[in-house]
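Containing compact mmCIF, C-alpha atoms: entry.txt.
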```
# COMPACT_ATOMS: atom_id res chain seq x y z
CA MET P 23 -19.85 -84.91 -32.05
CA SER P 24 -17.11 -83.67 -29.76
CA GLY P 25 -17.71 -83.67 -25.98
CA ARG P 26 -20.77 -82.78 -23.90
CA HIS P 27 -23.40 -80.12 -24.50
CA LEU P 28 -22.74 -76.63 -23.18
CA THR P 29 -24.04 -75.94 -19.68
CA GLU P 30 -26.37 -73.01 -19.04
CA ASP P 31 -23.46 -71.00 -17.65
CA GLU P 32 -21.40 -71.69 -20.74
CA VAL P 33 -24.25 -70.58 -22.98
CA VAL P 34 -24.56 -67.37 -20.97
CA ASN P 35 -20.82 -66.80 -21.14
CA ARG P 36 -20.84 -67.22 -24.90
CA VAL P 37 -23.35 -64.37 -25.27
CA PHE P 38 -22.40 -62.22 -22.28
CA PRO P 39 -18.70 -62.79 -21.64
CA ALA P 40 -17.56 -61.35 -18.33
CA GLN P 41 -14.12 -60.67 -19.73
CA ASP P 42 -13.04 -58.34 -22.51
CA GLY P 43 -12.73 -59.62 -26.04
CA THR P 44 -14.22 -62.76 -27.47
CA ALA P 45 -13.60 -66.21 -26.12
CA PRO P 46 -12.71 -68.98 -28.57
CA ILE P 47 -15.69 -71.09 -29.63
CA PRO P 48 -15.70 -74.46 -27.88
CA ILE P 49 -15.17 -77.31 -30.30
CA HIS P 50 -18.45 -78.88 -29.25
CA GLN P 51 -20.46 -75.77 -30.02
CA ALA P 52 -18.84 -75.51 -33.42
CA VAL P 53 -20.31 -78.85 -34.40
CA CYS P 54 -23.45 -79.17 -32.24
CA PRO P 55 -26.55 -77.61 -33.83
CA GLU P 56 -28.46 -77.83 -30.56
CA CYS P 57 -25.89 -75.81 -28.61
CA GLN P 58 -25.53 -73.38 -31.51
CA GLU P 59 -29.27 -72.88 -31.39
CA ARG P 60 -29.28 -72.23 -27.64
CA VAL P 61 -26.52 -69.63 -27.95
CA ALA P 62 -28.12 -68.04 -30.99
CA ARG P 63 -31.51 -67.72 -29.32
CA LEU P 64 -30.15 -65.81 -26.35
CA ARG P 65 -27.90 -63.69 -28.54
CA GLU P 66 -30.74 -62.84 -30.88
CA ALA P 67 -32.98 -61.72 -28.02
CA PHE P 68 -30.26 -59.50 -26.62
CA LEU P 69 -29.25 -58.02 -29.99
CA LEU P 70 -32.85 -57.28 -30.77
CA ASP P 71 -33.12 -55.19 -27.63
CA ARG P 72 -29.75 -53.55 -28.04
CA GLY P 73 -30.42 -52.70 -31.68
CA ALA P 74 -33.78 -51.22 -30.82
CA LEU P 75 -32.28 -48.99 -28.14
CA THR P 76 -29.53 -47.85 -30.47
CA GLY P 77 -32.14 -47.15 -33.10
CA VAL P 78 -34.09 -44.95 -30.73
CA VAL P 79 -31.08 -42.85 -29.79
CA GLU P 80 -29.87 -42.52 -33.37
CA SER P 81 -33.28 -41.60 -34.68
CA LEU P 82 -33.68 -38.66 -32.34
CA PRO P 83 -33.78 -35.49 -34.43
CA PRO P 84 -31.06 -32.83 -34.15
CA GLU P 85 -33.65 -30.53 -32.56
CA PHE P 86 -33.85 -32.88 -29.60
CA TRP P 87 -30.14 -32.54 -28.89
CA THR P 88 -30.20 -28.81 -29.45
CA ALA P 89 -33.12 -28.41 -27.06
CA GLN P 90 -31.41 -30.58 -24.48
CA ARG P 91 -28.20 -28.60 -24.76
CA LYS P 92 -30.06 -25.31 -24.45
CA ALA P 93 -31.93 -26.59 -21.41
CA VAL P 94 -28.69 -27.62 -19.71
CA MET P 95 -26.93 -24.37 -20.51
CA GLY P 96 -29.99 -22.40 -19.39
CA ARG P 97 -29.93 -24.13 -16.00
CA VAL P 98 -26.18 -23.70 -15.74
CA SER P 99 -26.38 -19.98 -16.52
CA GLU P 100 -29.19 -19.56 -14.01
CA LEU P 101 -27.20 -21.31 -11.30
CA ALA P 102 -24.07 -19.35 -12.15
CA ALA P 103 -26.01 -16.10 -11.87
CA LEU P 104 -27.46 -17.17 -8.51
CA GLU P 105 -24.05 -18.11 -7.21
CA ALA P 106 -22.57 -14.82 -8.35
CA GLU P 107 -25.41 -12.97 -6.66
CA GLU P 108 -24.93 -14.97 -3.46
CA LYS P 109 -21.27 -14.06 -3.38
CA ALA P 110 -22.04 -10.39 -3.92
CA THR P 111 -24.77 -10.23 -1.26
CA PRO P 112 -23.79 -9.43 2.36
CA PHE P 113 -24.69 -12.04 4.99
CA PRO P 114 -27.72 -10.46 6.79
CA THR P 115 -29.39 -9.67 3.48
CA ARG P 116 -28.79 -13.21 2.32
CA LEU P 117 -30.38 -14.58 5.49
CA THR P 118 -33.39 -12.32 5.21
CA ARG P 119 -33.80 -13.24 1.56
CA SER P 120 -33.61 -16.94 2.20
CA VAL P 121 -36.25 -16.60 4.93
CA LEU P 122 -38.46 -14.62 2.58
CA GLN P 123 -37.95 -17.05 -0.27
CA ARG P 124 -38.65 -20.17 1.76
CA PRO P 125 -40.62 -19.06 4.82
CA ALA P 126 -42.03 -22.52 5.49
CA LEU P 127 -38.58 -24.08 5.45
CA ALA P 128 -37.05 -21.33 7.59
CA PHE P 129 -39.77 -21.32 10.23
CA GLY P 130 -40.00 -25.08 10.14
CA SER P 131 -36.30 -25.32 10.92
CA LEU P 132 -36.66 -22.74 13.69
CA ALA P 133 -39.62 -24.62 15.17
CA ALA P 134 -37.72 -27.90 15.03
CA ALA P 135 -34.73 -26.34 16.79
CA LEU P 136 -36.93 -24.83 19.51
CA THR P 137 -38.74 -28.14 20.00
CA LEU P 138 -35.41 -29.89 20.36
CA VAL P 139 -34.16 -27.40 22.94
CA ALA P 140 -37.44 -27.58 24.87
CA GLY P 141 -37.39 -31.37 24.77
CA LEU P 142 -33.84 -31.51 26.07
CA THR P 143 -34.67 -29.06 28.85
CA VAL P 144 -37.70 -31.07 29.95
CA LEU P 145 -35.76 -34.34 29.80
CA ARG P 146 -32.89 -32.94 31.84
CA GLY P 147 -35.26 -31.44 34.45
CA GLY P 148 -37.30 -34.64 34.52
CA ASP P 149 -34.22 -36.71 35.28
CA ASP P 150 -33.17 -34.60 38.24
CA ARG P 151 -36.38 -33.87 40.05
CA PRO P 152 -37.79 -37.35 40.69
CA ALA P 153 -34.34 -38.68 41.47
CA GLU P 154 -33.90 -36.47 44.53
CA PRO P 155 -36.82 -37.79 46.62
CA GLU P 156 -35.99 -41.35 45.59
CA GLN P 157 -32.46 -40.93 46.82
CA THR P 158 -33.68 -39.34 50.06
CA VAL P 159 -36.11 -42.16 50.72
CA ALA P 160 -33.50 -44.75 49.97
CA VAL P 161 -31.01 -43.10 52.29
CA ALA P 162 -33.64 -42.76 55.05
CA GLU P 163 -34.74 -46.35 54.67
CA GLY P 164 -31.14 -47.49 54.69
CA THR P 165 -30.37 -45.49 57.80
CA ALA P 166 -33.39 -46.86 59.65
CA ALA P 167 -32.51 -50.45 58.80
CA LEU P 168 -28.92 -49.87 59.88
CA SER P 169 -29.84 -48.36 63.24
CA ALA P 170 -32.33 -51.20 63.98
CA ALA P 171 -29.61 -53.78 63.36
CA ASP P 172 -27.18 -51.81 65.53
CA SER P 173 -29.66 -51.67 68.42
CA ALA P 174 -30.19 -55.44 68.28
CA ASP P 175 -26.43 -55.98 68.37
CA ASP P 176 -26.06 -53.59 71.27
CA GLU P 177 -28.79 -55.37 73.24
CA LEU P 178 -27.14 -58.74 72.64
CA LEU P 179 -23.77 -57.42 73.77
CA ARG P 180 -25.32 -55.91 76.87
CA ALA P 181 -27.05 -59.23 77.70
CA VAL P 182 -23.76 -61.09 77.29
CA ASP P 183 -22.03 -58.61 79.59
CA VAL P 184 -24.75 -59.01 82.21
CA ALA P 185 -24.56 -62.77 82.06
CA LEU P 186 -20.82 -62.79 82.39
CA THR P 187 -20.82 -60.52 85.40
CA THR P 188 -23.75 -62.01 87.30
CA GLU P 189 -23.48 -65.74 86.62
CA SER P 190 -20.69 -68.30 87.24
CA PRO P 191 -18.64 -69.26 84.23
CA TYR P 192 -20.41 -72.62 83.73
CA GLU P 193 -23.89 -71.71 84.89
CA THR P 194 -25.10 -70.77 81.45
CA VAL P 195 -23.65 -73.78 79.66
CA LEU P 196 -24.33 -76.54 82.15
CA PRO P 197 -27.73 -78.21 82.11
CA GLU P 198 -29.85 -77.38 85.10
CA ALA P 199 -30.07 -81.01 86.02
CA MET P 200 -26.33 -81.25 86.51
CA MET U 26 -7.41 -50.90 -4.44
CA ALA U 27 -5.74 -49.74 -7.59
CA ASN U 28 -8.95 -49.27 -9.54
CA ASP U 29 -10.47 -47.05 -6.94
CA LEU U 30 -8.47 -44.31 -8.53
CA PRO U 31 -10.86 -42.63 -10.87
CA GLY U 32 -9.91 -42.83 -14.45
CA GLU U 33 -7.65 -45.81 -14.22
CA GLY U 34 -8.32 -48.07 -17.14
CA ALA U 35 -10.47 -45.46 -18.75
CA PRO U 36 -10.02 -44.81 -22.43
CA ALA U 37 -7.30 -42.25 -22.91
CA PRO U 38 -8.59 -39.52 -25.17
CA GLU U 39 -6.23 -38.24 -27.82
CA PRO U 40 -3.62 -35.99 -26.19
CA GLY U 41 -4.82 -32.96 -28.12
CA ILE U 42 -8.41 -33.50 -27.06
CA ARG U 43 -7.43 -33.98 -23.45
CA GLU U 44 -5.38 -30.81 -23.48
CA ARG U 45 -8.23 -28.93 -25.07
CA GLU U 46 -10.65 -30.26 -22.48
CA LYS U 47 -8.30 -29.31 -19.66
CA GLU U 48 -8.08 -25.80 -20.99
CA LEU U 49 -11.86 -25.57 -21.30
CA LEU U 50 -12.34 -26.96 -17.81
CA ASP U 51 -10.04 -24.29 -16.44
CA ARG U 52 -12.18 -21.69 -18.15
CA VAL U 53 -15.34 -23.24 -16.70
CA ARG U 54 -13.78 -23.18 -13.25
CA GLY U 55 -12.90 -19.55 -13.84
CA GLY U 56 -16.57 -18.74 -14.32
CA GLU U 57 -16.95 -18.97 -18.10
CA THR U 58 -20.14 -20.98 -18.25
CA ASP U 59 -20.22 -20.89 -22.05
CA ALA U 60 -17.09 -23.04 -22.15
CA PHE U 61 -19.11 -25.86 -20.59
CA GLU U 62 -21.25 -26.16 -23.71
CA HIS U 63 -18.41 -27.98 -25.44
CA PHE U 64 -18.75 -30.83 -22.94
CA VAL U 65 -22.51 -30.98 -23.28
CA LYS U 66 -22.27 -31.07 -27.05
CA THR U 67 -19.52 -33.69 -27.06
CA TYR U 68 -21.00 -36.11 -24.53
CA GLN U 69 -24.76 -35.60 -24.45
CA ARG U 70 -25.50 -38.48 -26.84
CA LYS U 71 -23.32 -40.91 -24.96
CA VAL U 72 -24.74 -39.93 -21.60
CA PHE U 73 -28.29 -40.03 -22.93
CA ARG U 74 -27.74 -43.45 -24.46
CA LEU U 75 -26.40 -44.88 -21.22
CA VAL U 76 -29.18 -43.33 -19.16
CA TYR U 77 -31.85 -44.32 -21.65
CA THR U 78 -30.67 -47.92 -21.67
CA LEU U 79 -30.90 -47.92 -17.89
CA VAL U 80 -34.28 -46.21 -17.50
CA ARG U 81 -35.94 -47.10 -20.84
CA ASN U 82 -37.95 -43.94 -20.91
CA ALA U 83 -37.03 -41.12 -23.25
CA ALA U 84 -38.50 -38.29 -21.17
CA ASP U 85 -36.85 -39.54 -17.98
CA ALA U 86 -33.59 -40.10 -19.79
CA ASP U 87 -33.71 -36.57 -21.15
CA ALA U 88 -34.36 -35.07 -17.70
CA LEU U 89 -31.67 -37.22 -16.09
CA THR U 90 -29.15 -36.38 -18.80
CA GLN U 91 -29.73 -32.71 -18.12
CA ASP U 92 -29.29 -33.34 -14.40
CA VAL U 93 -26.03 -35.16 -15.07
CA PHE U 94 -24.55 -32.18 -16.87
CA VAL U 95 -25.80 -29.69 -14.29
CA LYS U 96 -24.29 -31.84 -11.53
CA ALA U 97 -21.06 -32.08 -13.48
CA TRP U 98 -20.96 -28.31 -13.86
CA ARG U 99 -21.55 -27.82 -10.13
CA ALA U 100 -18.84 -30.33 -9.23
CA VAL U 101 -16.34 -29.34 -11.87
CA ALA U 102 -14.09 -27.75 -9.24
CA ASP U 103 -13.71 -31.22 -7.68
CA PHE U 104 -12.80 -32.88 -10.97
CA LYS U 105 -9.06 -33.33 -10.77
CA GLY U 106 -8.57 -34.54 -14.30
CA GLU U 107 -7.08 -37.89 -13.28
CA ALA U 108 -9.99 -39.61 -14.97
CA ALA U 109 -11.19 -39.02 -18.47
CA PHE U 110 -14.02 -36.51 -18.37
CA GLU U 111 -16.29 -39.09 -19.99
CA THR U 112 -15.57 -41.65 -17.26
CA TRP U 113 -16.40 -39.06 -14.64
CA LEU U 114 -19.64 -38.19 -16.44
CA ASN U 115 -20.55 -41.88 -16.59
CA ARG U 116 -20.12 -42.15 -12.86
CA ILE U 117 -22.38 -39.16 -12.30
CA ALA U 118 -24.91 -40.66 -14.72
CA VAL U 119 -24.98 -44.05 -13.02
CA ASN U 120 -25.40 -42.40 -9.62
CA ALA U 121 -28.14 -40.12 -10.94
CA VAL U 122 -30.08 -43.10 -12.31
CA ARG U 123 -29.65 -45.00 -9.05
CA ASP U 124 -30.86 -42.02 -7.00
CA ALA U 125 -33.84 -41.51 -9.30
CA ALA U 126 -34.76 -45.19 -8.97
CA ARG U 127 -34.64 -44.90 -5.18
CA ARG U 128 -36.85 -41.85 -5.19
CA ARG U 129 -39.30 -43.46 -7.52
CA ARG U 130 -39.50 -46.88 -5.88
CA PRO U 131 -42.85 -46.45 -4.12
CA VAL U 132 -44.43 -45.08 -7.26
CA VAL U 133 -45.82 -47.31 -9.99
CA SER U 134 -43.18 -47.66 -12.68
CA PHE U 135 -43.74 -46.85 -16.31
CA ALA U 136 -43.21 -50.49 -17.14
CA GLU U 137 -45.98 -51.49 -14.73
CA LEU U 138 -48.24 -48.84 -16.17
CA ALA U 139 -47.50 -50.10 -19.63
CA ASP U 140 -48.33 -53.66 -18.62
CA ALA U 141 -51.50 -52.59 -16.89
CA GLU U 142 -52.57 -50.83 -20.03
CA GLY U 143 -51.70 -53.86 -22.07
CA THR U 144 -49.38 -51.94 -24.30
CA GLY U 145 -46.37 -53.93 -23.26
CA GLY U 146 -44.08 -50.93 -23.50
CA ALA U 147 -45.39 -47.41 -23.22
CA GLU U 148 -41.99 -46.00 -22.41
CA LEU U 149 -41.75 -44.25 -25.74
CA PRO U 150 -44.22 -42.30 -27.80
CA PRO U 151 -45.48 -44.49 -30.63
CA SER U 152 -43.40 -42.60 -33.16
CA MET U 153 -40.23 -43.35 -31.24
CA GLU U 154 -40.92 -46.96 -30.35
CA PRO U 155 -38.67 -49.15 -32.48
CA VAL U 156 -40.60 -51.86 -34.26
CA ASP U 157 -39.85 -54.74 -36.49
CA ALA U 158 -42.49 -54.17 -39.08
CA THR U 159 -41.86 -57.32 -41.09
CA THR U 160 -45.00 -59.02 -39.83
CA PRO U 161 -47.43 -58.28 -37.00
CA GLU U 162 -46.43 -61.55 -35.33
CA ARG U 163 -42.79 -60.71 -35.49
CA GLU U 164 -43.45 -57.24 -34.19
CA ALA U 165 -45.41 -58.65 -31.28
CA ARG U 166 -42.66 -61.13 -30.52
CA SER U 167 -40.05 -58.41 -30.73
CA ARG U 168 -41.98 -56.32 -28.22
CA GLN U 169 -42.42 -59.31 -25.96
CA ILE U 170 -38.70 -60.13 -25.98
CA ARG U 171 -37.75 -56.54 -25.29
CA ARG U 172 -40.24 -56.30 -22.46
CA ARG U 173 -38.88 -59.49 -20.93
CA ILE U 174 -35.30 -58.27 -21.21
CA ARG U 175 -36.27 -54.98 -19.64
CA GLU U 176 -37.97 -56.81 -16.78
CA ALA U 177 -34.97 -59.07 -16.35
CA LEU U 178 -32.64 -56.07 -16.24
CA ASP U 179 -34.93 -54.30 -13.79
CA ALA U 180 -34.67 -57.31 -11.49
CA LEU U 181 -30.92 -56.75 -11.16
CA SER U 182 -29.51 -54.50 -8.48
CA PRO U 183 -28.87 -50.95 -9.72
CA ARG U 184 -25.11 -51.50 -9.66
CA GLN U 185 -25.34 -54.86 -11.43
CA LYS U 186 -27.63 -53.39 -14.04
CA ALA U 187 -25.32 -50.45 -14.68
CA ILE U 188 -22.31 -52.74 -15.01
CA PHE U 189 -24.15 -55.11 -17.36
CA VAL U 190 -25.45 -52.28 -19.54
CA MET U 191 -22.06 -50.60 -19.77
CA LYS U 192 -20.42 -53.84 -20.80
CA HIS U 193 -22.92 -55.33 -23.21
CA TYR U 194 -24.88 -52.35 -24.48
CA GLU U 195 -22.12 -49.73 -24.39
CA ASP U 196 -19.16 -51.99 -25.20
CA ARG U 197 -17.05 -50.63 -22.35
CA THR U 198 -14.09 -52.61 -21.15
CA VAL U 199 -14.02 -54.12 -17.68
CA ALA U 200 -11.42 -51.54 -16.63
CA GLU U 201 -13.52 -48.64 -17.92
CA ILE U 202 -16.55 -49.92 -16.04
CA GLY U 203 -14.51 -50.38 -12.88
CA ALA U 204 -13.29 -46.80 -13.14
CA ALA U 205 -16.78 -45.44 -13.73
CA ILE U 206 -18.44 -47.44 -10.96
CA GLY U 207 -15.54 -47.27 -8.52
CA VAL U 208 -14.87 -50.99 -8.09
CA ASP U 209 -12.02 -53.30 -9.10
CA ASP U 210 -11.96 -55.52 -12.18
CA GLY U 211 -12.73 -58.69 -10.24
CA THR U 212 -15.89 -57.17 -8.81
CA VAL U 213 -16.99 -56.03 -12.25
CA LYS U 214 -16.48 -59.53 -13.67
CA SER U 215 -18.30 -61.12 -10.78
CA HIS U 216 -21.28 -58.78 -11.26
CA LEU U 217 -21.23 -59.42 -14.99
CA PHE U 218 -21.33 -63.15 -14.56
CA ARG U 219 -24.13 -63.08 -11.99
CA ALA U 220 -26.15 -60.55 -13.99
CA ALA U 221 -25.86 -62.64 -17.16
CA ARG U 222 -26.93 -65.77 -15.34
CA LYS U 223 -29.97 -64.04 -13.83
CA LEU U 224 -30.88 -62.69 -17.24
CA ARG U 225 -30.62 -66.14 -18.75
CA GLN U 226 -32.87 -67.58 -16.04
CA LYS U 227 -35.45 -64.88 -16.61
CA LEU U 228 -35.44 -65.49 -20.35
CA GLU U 229 -35.48 -69.28 -20.03
CA ASP U 230 -38.97 -69.68 -21.41
CA LEU U 231 -38.50 -67.34 -24.37
CA ARG U 232 -38.27 -70.10 -26.90
```
As structure tokens, please, write out the structure in this file.
Amino acid sequence: MSGRHLTEDEVVNRVFPAQDGTAPIPIHQAVCPECQERVARLREAFLLDRGALTGVVESLPPEFWTAQRKAVMGRVSELAALEAEEKATPFPTRLTRSVLQRPALAFGSLAAALTLVAGLTVLRGGDDRPAEPEQTVAVAEGTAALSAADSADDELLRAVDVALTTESPYETVLPEAM
Amino acid sequence: MANDLPGEGAPAPEPGIREREKELLDRVRGGETDAFEHFVKTYQRKVFRLVYTLVRNAADADALTQDVFVKAWRAVADFKGEAAFETWLNRIAVNAVRDAARRRRPVVSFAELADAEGTGGAELPPSMEPVDATTPEREARSRQIRRRIREALDALSPRQKAIFVMKHYEDRTVAEIGAAIGVDDGTVKSHLFRAARKLRQKLEDLR
């Protein structure tokens, strides 16, 4: 016996080669009944299925193909006629006809478009209106806080001025006991 | 990517046939719908076979084959003729099967129905179901193997399944498959290898 047994991947590749053409048979497989059996089993299962499918297609009666061809050509002729009619019909008539032919679709589309426009309008309005008072409040609060801080600073400055003008230079920094 | 060009690697039809098809396609584009019948007649079996192998249901395959040709007719203005017409049809067919599978996903499949009914394969009317009538045991085993292969193929991704079927059931070359699917040769080979391995794993216990 030559070499090791075929791996699962090698068995698969023997039956379902990923490349075109047939790969040469490994020496081992040529002499190993066990590996031959593994390859044959998979190949047999596949060929059984393939043969059955081929059999189905080949056993279909000529009437089947004729009927299929007629069905295709019928649909094609119908579509061609519709297209020709579309081309020959002026735009407003075409629009009216499409609305009449598919009223649910036409009015559904219209309703969807109107809903979208209404939604956008509400969203845009909703964004603006609450924002204005919020901004006003924020500005007012900010202004109030700013003016309170300014007043405190002013008072402190005034106190410093008073102290400097009324007291001696060291009076405020020297301990009373001194 | 070189193989993204449709038709590259596709089988070159005989020059006379290609010329004839080009002429007919021009007539179809010019509004002569009858000229399209030539293409239906020439390719309907091949398209049906590919679709049937993918969907395993004769009625669905028939409907999808019709859709493929109608889609081809509608898109014929876009067909530049760089690819073989057959390759282009195959691409439409593979896409049609994939789209149908997506639409049908939430619905119980025919295969599941068949299993639930215990028939093991109700995808064809009894008269069309291929059987190995040698012995009842052999027939049962044949049905079992085919059902298992069908399940294994269904477990593949739609693209992997299409590539595997085109290679091993339709005997297409790697280049032809790449042209029909729109991928390069390396991707086709990679899908083929992975698909075959998955199939092997699924059929492991069929001994």
Checklist line | Straight-line distance linking atom CA of Gln51 of chain P with atom CA of Arg65 of chain P, stated in Å to one decimal | finding: 14.3 Å
Note to self: Give me, as a PyMOL selection string, the residues of chain P touching chain U, with the criterion being at most 8 Å (counting all atoms listed in the file).
What the structure shows: chain P and resi 31+34-35+38-42+63-64+67-68+70-72+74-79+81+87+90-91+93-95+97-99+102
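When only C-alpha atoms are used to measure the gap to Glu56 of chain P, the shortest distance among P:Ala133, P:Arg26, P:Leu82, P:Thr44 belongs to P:Arg26.
A straight line drawn from atom CA of Leu181 of chain U to atom CA of Val119 of chain U is 14.1 Å long.
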Item checked: Computed interatomic separation between atom CA of Asp51 of chain U and atom CA of Ala89 of chain P (Å) -> 25.7 Å
Margin query: Show me, as a PyMOL selection string, the residues that have an atom within 10 Å of Ser182 of chain U when counting only C-alpha atoms, minus same-chain residues fewer than 3 positions from it.
Written below: chain U and resi 123+178-179+185-188+216+220
